[in-house]
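Enquirer: The following file, final.pdb, comprises PDB, C-alpha atoms:
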```pdb
MODEL        1
ATOM      1  CA  LYS R 535       9.092  -8.795  14.091
ATOM      2  CA  LEU R 536       6.010  -8.987  11.892
ATOM      3  CA  GLU R 537       6.494 -12.709  11.325
ATOM      4  CA  GLU R 538       6.881 -13.225  15.070
ATOM      5  CA  THR R 539       3.723 -11.200  15.758
ATOM      6  CA  PHE R 540       1.685 -13.165  13.212
ATOM      7  CA  SER R 541       3.026 -16.423  14.601
ATOM      8  CA  ILE R 542       1.963 -15.549  18.147
ATOM      9  CA  ILE R 543      -1.518 -14.473  17.028
ATOM     10  CA  LEU R 544      -2.028 -17.532  14.829
ATOM     11  CA  LYS R 545      -0.868 -19.957  17.534
ATOM     12  CA  SER R 546      -2.678 -18.266  20.421
ATOM     13  CA  LEU R 547      -6.038 -17.611  18.812
ATOM     14  CA  SER R 548      -8.196 -19.891  16.743
ATOM     15  CA  CYS R 549      -9.347 -17.298  14.231
ATOM     16  CA  HIS R 550      -8.827 -15.790  10.803
ATOM     17  CA  VAL R 551      -6.135 -13.133  10.757
ATOM     18  CA  PHE R 552      -6.281 -10.208   8.328
ATOM     19  CA  PHE R 553      -3.608  -7.634   7.643
ATOM     20  CA  VAL R 554      -3.369  -4.486   5.536
ATOM     21  CA  CYS R 555      -0.032  -2.784   5.018
ATOM     22  CA  GLY R 556       0.082   0.707   6.445
ATOM     23  CA  ASN R 557       2.540   3.533   6.126
ATOM     24  CA  HIS R 558       5.051   1.932   8.520
ATOM     25  CA  GLU R 559       5.257  -1.162   6.315
ATOM     26  CA  ALA R 560       6.416   1.161   3.522
ATOM     27  CA  TRP R 561       9.341   2.493   5.544
ATOM     28  CA  VAL R 562      12.721   1.274   4.321
ATOM     29  CA  GLY R 563      16.336   1.678   5.314
ATOM     30  CA  GLY R 564      18.589   0.219   7.944
ATOM     31  CA  ASP R 565      20.513  -3.005   8.332
ATOM     32  CA  GLU R 566      17.489  -5.329   8.346
ATOM     33  CA  MET R 567      16.115  -3.967   5.071
ATOM     34  CA  ASP R 568      19.581  -4.024   3.512
ATOM     35  CA  SER R 569      20.109  -7.653   4.544
ATOM     36  CA  LEU R 570      16.784  -8.603   2.921
ATOM     37  CA  GLY R 571      17.656  -6.749  -0.296
ATOM     38  CA  ILE R 572      14.711  -4.381   0.075
ATOM     39  CA  VAL R 573      15.571  -1.162  -1.712
ATOM     40  CA  ASP R 574      12.205   0.539  -2.104
ATOM     41  CA  SER R 575       8.828   0.727  -0.413
ATOM     42  CA  LEU R 576       6.894  -1.252  -3.040
ATOM     43  CA  LYS R 577       9.361  -4.128  -2.717
ATOM     44  CA  LYS R 578       8.877  -4.068   1.046
ATOM     45  CA  ILE R 579       5.088  -4.115   0.702
ATOM     46  CA  GLU R 580       5.377  -7.066  -1.701
ATOM     47  CA  THR R 581       7.628  -8.849   0.788
ATOM     48  CA  VAL R 582       5.157  -8.270   3.638
ATOM     49  CA  ASN R 583       2.252  -9.511   1.503
ATOM     50  CA  SER R 584       4.266 -12.625   0.557
ATOM     51  CA  LEU R 585       4.953 -13.285   4.241
ATOM     52  CA  CYS R 586       1.225 -12.979   4.970
ATOM     53  CA  LYS R 587       0.354 -15.420   2.203
ATOM     54  CA  ARG R 588       2.988 -17.914   3.377
ATOM     55  CA  MET R 589       1.688 -17.755   6.955
ATOM     56  CA  GLY R 590      -2.018 -17.923   6.103
ATOM     57  CA  VAL R 591      -2.717 -14.297   7.000
ATOM     58  CA  TYR R 592      -5.329 -12.797   4.686
ATOM     59  CA  THR R 593      -4.606  -9.601   2.792
ATOM     60  CA  ASP R 594      -7.611  -9.843   0.478
ATOM     61  CA  PHE R 595     -11.357 -10.185   0.927
ATOM     62  CA  ARG R 596     -12.964 -13.202   2.572
ATOM     63  CA  LEU R 597     -16.481 -14.323   3.316
ATOM     64  CA  LEU R 598     -16.582 -15.516   6.908
ATOM     65  CA  GLY R 599     -19.029 -17.659   8.763
ATOM     66  CA  ARG R 600     -21.201 -20.561   7.787
ATOM     67  CA  CYS R 601     -24.611 -18.900   7.831
ATOM     68  CA  GLN R 602     -25.538 -17.514   4.437
ATOM     69  CA  ASP R 603     -28.444 -15.595   5.968
ATOM     70  CA  TYR R 604     -26.056 -13.162   7.658
ATOM     71  CA  PRO R 605     -22.799 -13.203   5.709
ATOM     72  CA  VAL R 606     -19.796 -11.314   6.986
ATOM     73  CA  VAL R 607     -17.306 -10.080   4.446
ATOM     74  CA  ILE R 608     -13.939  -8.684   5.469
ATOM     75  CA  LEU R 609     -12.585  -6.399   2.759
ATOM     76  CA  PRO R 610      -9.101  -5.018   3.471
ATOM     77  CA  LEU R 611      -8.300  -2.133   1.122
ATOM     78  CA  MET R 612      -4.816  -0.934   0.320
ATOM     79  CA  SER R 613      -4.525   2.798  -0.231
ATOM     80  CA  TRP R 614      -2.159   5.733  -0.035
ATOM     81  CA  TYR R 615      -2.685   9.451  -0.002
ATOM     82  CA  ASP R 616      -2.265  10.995  -3.427
ATOM     83  CA  GLY R 617      -0.250  14.039  -2.449
ATOM     84  CA  SER R 618      -2.875  16.622  -3.231
ATOM     85  CA  LEU R 619      -4.613  16.803   0.156
ATOM     86  CA  ALA R 620      -7.016  19.033  -1.737
ATOM     87  CA  LEU R 621      -9.910  19.932   0.491
ATOM     88  CA  GLN R 622     -12.137  22.758  -0.703
ATOM     89  CA  ASN R 623     -11.540  25.930   1.326
ATOM     90  CA  CYS R 624      -8.682  24.276   3.248
ATOM     91  CA  GLU R 625      -5.730  25.270   1.082
ATOM     92  CA  ASP R 626      -3.985  26.709   4.142
ATOM     93  CA  LEU R 627      -3.709  23.182   5.581
ATOM     94  CA  CYS R 628      -1.339  22.105   2.817
ATOM     95  CA  ALA R 629       0.484  25.395   2.213
ATOM     96  CA  SER R 630       3.714  23.999   3.673
ATOM     97  CA  PHE R 631       3.199  20.442   2.387
ATOM     98  CA  ASP R 632       6.584  20.511   0.647
ATOM     99  CA  SER R 633       8.420  21.161   3.915
ATOM    100  CA  TRP R 634       6.538  18.989   6.412
ATOM    101  CA  PRO R 635       8.931  16.833   8.425
ATOM    102  CA  TRP R 636       6.529  13.895   7.966
ATOM    103  CA  VAL R 637       8.403  10.647   8.629
ATOM    104  CA  ASP R 638       6.753   8.960   5.609
ATOM    105  CA  PHE R 639       8.589  11.447   3.393
ATOM    106  CA  ILE R 640      11.875  10.459   4.991
ATOM    107  CA  ARG R 641      11.469   6.678   5.400
ATOM    108  CA  CYS R 642       9.484   5.792   2.239
ATOM    109  CA  LYS R 643      11.416   5.382  -0.978
ATOM    110  CA  TRP R 644       9.224   5.085  -4.060
ATOM    111  CA  PRO R 645      10.378   3.806  -7.434
ATOM    112  CA  ASN R 646      10.438   6.090 -10.439
ATOM    113  CA  GLU R 647       7.374   6.788 -12.571
ATOM    114  CA  GLN R 648       8.340   4.234 -15.255
ATOM    115  CA  ILE R 649       8.340   1.428 -12.687
ATOM    116  CA  LEU R 650       4.946   2.601 -11.391
ATOM    117  CA  GLU R 651       3.616   2.594 -14.961
ATOM    118  CA  ASN R 652       4.805  -0.998 -15.354
ATOM    119  CA  TRP R 653       3.070  -1.939 -12.100
ATOM    120  CA  CYS R 654      -0.166  -0.438 -13.382
ATOM    121  CA  LYS R 655      -0.094  -2.367 -16.652
ATOM    122  CA  ASP R 656      -2.600  -5.145 -17.063
ATOM    123  CA  LYS R 657      -0.770  -8.382 -16.372
ATOM    124  CA  ASP R 658      -2.610 -10.169 -19.230
ATOM    125  CA  SER R 659      -1.907  -7.642 -21.967
ATOM    126  CA  ASP R 660       0.228  -4.679 -22.926
ATOM    127  CA  SER R 661      -2.563  -2.204 -22.281
ATOM    128  CA  TYR R 662      -2.897  -0.102 -19.173
ATOM    129  CA  LYS R 663      -5.699  -0.581 -16.749
ATOM    130  CA  PRO R 664      -7.387   2.787 -17.145
ATOM    131  CA  SER R 665      -4.494   5.145 -17.673
ATOM    132  CA  LEU R 666      -4.595   6.544 -14.158
ATOM    133  CA  VAL R 667      -0.866   7.183 -13.985
ATOM    134  CA  GLU R 668      -1.138   9.785 -16.717
ATOM    135  CA  MET R 669      -4.414  11.122 -15.332
ATOM    136  CA  SER R 670      -2.980  11.601 -11.859
ATOM    137  CA  ALA R 671       0.113  13.283 -13.256
ATOM    138  CA  LYS R 672      -2.158  15.934 -14.762
ATOM    139  CA  LYS R 673      -4.441  16.534 -11.780
ATOM    140  CA  ILE R 674      -2.078  16.268  -8.808
ATOM    141  CA  ARG R 675       0.490  18.840  -7.814
ATOM    142  CA  ASN R 676       3.678  16.798  -7.774
ATOM    143  CA  THR R 677       5.581  17.586  -4.600
ATOM    144  CA  GLY R 678       8.404  15.239  -5.555
ATOM    145  CA  ARG R 679       7.624  13.190  -2.464
ATOM    146  CA  ILE R 680       4.641  11.185  -3.686
ATOM    147  CA  PRO R 681       5.153  10.203  -7.327
ATOM    148  CA  PRO R 682       2.275  10.407  -9.780
ATOM    149  CA  GLY R 683       0.649   6.998 -10.072
ATOM    150  CA  LEU R 684       1.390   5.809  -6.533
ATOM    151  CA  ALA R 685      -2.169   6.161  -5.211
ATOM    152  CA  GLU R 686      -3.357   4.368  -8.349
ATOM    153  CA  TRP R 687      -0.857   1.534  -7.812
ATOM    154  CA  PHE R 688      -2.374   0.969  -4.385
ATOM    155  CA  ALA R 689      -5.894   1.099  -5.803
ATOM    156  CA  PHE R 690      -5.008  -1.531  -8.423
ATOM    157  CA  GLN R 691      -3.881  -3.915  -5.677
ATOM    158  CA  ASN R 692      -7.516  -4.161  -4.588
ATOM    159  CA  ILE R 693      -8.784  -5.339  -7.985
TER
ENDMDL
END
```
Output the structure of this file as structure tokens.

Expert:
Amino acid sequence: KLEETFSIILKSLSCHVFFVCGNHEAWVGGDEMDSLGIVDSLKKIETVNSLCKRMGVYTDFRLLGRCQDYPVVILPLMSWYDGSLALQNCEDLCASFDSWPWVDFIRCKWPNEQILENWCKDKDSDSYKPSLVEMSAKKIRNTGRIPPGLAEWFAFQNI
């Protein structure tokens, strides 16, 4: 349906089209996902971003317009909540975080921490981009629903 939506927008309007994956694009499961071989949420996000690239839909920053005096920059940012929801003096808001019936916790399937570590490695060397996977594992209460390193994986996609 996403390809059909992009196609309609691109054919009907003479404009640049930008897209940022949201939580629904991370949902997996069902016959359609199975038929596409999509087994986890990161694979689905990669597939959506590949579709965007193939169709000419922007998922990264672009300078628009011809007038350099008043440039317009569109800067889509990928992100995900880190699981802590730590707001000072608001601990009561996340007291039952482990038992929320939040659909993201049911429909998103994240890879294990080793795969996330591999994603966060610098593609040009064996070193990590700043070792945020390990840092997040220390500072974030792991609920088992949002793996350590996931928020960092999303942040790295914007680099």

Enquirer: Counting only C-alpha atoms, write as a PDB file with C-alpha atoms, in the coordinates of the input all protein and nucleic acid residues lying at most 10 Å from (9.0, 5.8, -2.4) in the file's frame.

Expert:
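Produced file selection_15.pdb, reproduced below:
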```pdb
ATOM      1  CA  ALA R 560       6.416   1.161   3.522  1.00  0.00           C
ATOM      2  CA  TRP R 561       9.341   2.493   5.544  1.00  0.00           C
ATOM      3  CA  VAL R 562      12.721   1.274   4.321  1.00  0.00           C
ATOM      4  CA  VAL R 573      15.571  -1.162  -1.712  1.00  0.00           C
ATOM      5  CA  ASP R 574      12.205   0.539  -2.104  1.00  0.00           C
ATOM      6  CA  SER R 575       8.828   0.727  -0.413  1.00  0.00           C
ATOM      7  CA  LEU R 576       6.894  -1.252  -3.040  1.00  0.00           C
ATOM      8  CA  LYS R 577       9.361  -4.128  -2.717  1.00  0.00           C
ATOM      9  CA  ASP R 638       6.753   8.960   5.609  1.00  0.00           C
ATOM     10  CA  PHE R 639       8.589  11.447   3.393  1.00  0.00           C
ATOM     11  CA  ILE R 640      11.875  10.459   4.991  1.00  0.00           C
ATOM     12  CA  ARG R 641      11.469   6.678   5.400  1.00  0.00           C
ATOM     13  CA  CYS R 642       9.484   5.792   2.239  1.00  0.00           C
ATOM     14  CA  LYS R 643      11.416   5.382  -0.978  1.00  0.00           C
ATOM     15  CA  TRP R 644       9.224   5.085  -4.060  1.00  0.00           C
ATOM     16  CA  PRO R 645      10.378   3.806  -7.434  1.00  0.00           C
ATOM     17  CA  ASN R 646      10.438   6.090 -10.439  1.00  0.00           C
ATOM     18  CA  GLY R 678       8.404  15.239  -5.555  1.00  0.00           C
ATOM     19  CA  ARG R 679       7.624  13.190  -2.464  1.00  0.00           C
ATOM     20  CA  ILE R 680       4.641  11.185  -3.686  1.00  0.00           C
ATOM     21  CA  PRO R 681       5.153  10.203  -7.327  1.00  0.00           C
ATOM     22  CA  LEU R 684       1.390   5.809  -6.533  1.00  0.00           C
TER      23      LEU R 684
END
```

Enquirer: Determine, counting all atoms listed in the file, every residue of protein, DNA or RNA that lies within 10 Å of (1.8, -9.4, -0.5) in the file coordinates, then give the result as number ranges by chain.

Expert: R: 553-555, 576-588, 592-594, 691

Enquirer: Would you compute the distance between CA of Ile693 in chain R and CA of Gly590 in chain R? Give it in Å to one decimal.

Expert: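 Pair CA of Ile693 in chain R / CA of Gly590 in chain R returns 20.1 Å.
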
Enquirer: List the residues selected by the PyMOL selection byres ((chain R and resi 595) around 9) in the file shown, writing them as a list of chain:residue names.

Expert: R:Phe552, R:Tyr592, R:Thr593, R:Asp594, R:Arg596, R:Leu597, R:Val607, R:Ile608, R:Leu609, R:Pro610, R:Leu611

Enquirer: With all atoms listed in the file as the basis for distance, which of R:Met567, R:Ile572, R:Met589, R:Cys601 is at the shortest distance from Ile543 in chain R?

Expert: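 Ranking R:Met567, R:Ile572, R:Met589, R:Cys601 by distance to Ile543 in chain R, first place goes to R:Met589.
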
Enquirer: For the provided coordinates, the residues matched by the PyMOL selection byres ((chain R and resi 536) around 10) should be stated as JSON, numbers by chain.

Expert: {"R": [535, 537, 538, 539, 540, 541, 542, 559, 582, 585, 586]}

Enquirer: Those selected residues, please, written with C-alpha atoms and delivered as a PDB file, keeping the file's coordinate frame.

Expert:
```
ATOM      1  CA  LYS R 535       9.092  -8.795  14.091  1.00  0.00           C
ATOM      2  CA  GLU R 537       6.494 -12.709  11.325  1.00  0.00           C
ATOM      3  CA  GLU R 538       6.881 -13.225  15.070  1.00  0.00           C
ATOM      4  CA  THR R 539       3.723 -11.200  15.758  1.00  0.00           C
ATOM      5  CA  PHE R 540       1.685 -13.165  13.212  1.00  0.00           C
ATOM      6  CA  SER R 541       3.026 -16.423  14.601  1.00  0.00           C
ATOM      7  CA  ILE R 542       1.963 -15.549  18.147  1.00  0.00           C
ATOM      8  CA  GLU R 559       5.257  -1.162   6.315  1.00  0.00           C
ATOM      9  CA  VAL R 582       5.157  -8.270   3.638  1.00  0.00           C
ATOM     10  CA  LEU R 585       4.953 -13.285   4.241  1.00  0.00           C
ATOM     11  CA  CYS R 586       1.225 -12.979   4.970  1.00  0.00           C
TER      12      CYS R 586
END
```

Enquirer: Extending 6 Å beyond the listed atoms of range 565-584 of chain R on each side, what axis-aligned box results? I want centre and edge lengths in Å to one decimal, as lines of an AutoDock Vina configuration file.

Expert:
```
center_x = 11.4
center_y = -5.9
center_z = 2.7
size_x = 30.3
size_y = 25.4
size_z = 23.4
```

Enquirer: Can you tell me how far CA of Trp614 in chain R sits from CA of Trp687 in chain R, in Å to one decimal?

Expert: 8.9 Å

Enquirer: In Å to one decimal, how far is CA of Ala689 in chain R from CA of Gly599 in chain R?

Expert: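 Computing the Euclidean distance for CA of Gly599 in chain R and CA of Ala689 in chain R yields 27.1 Å.
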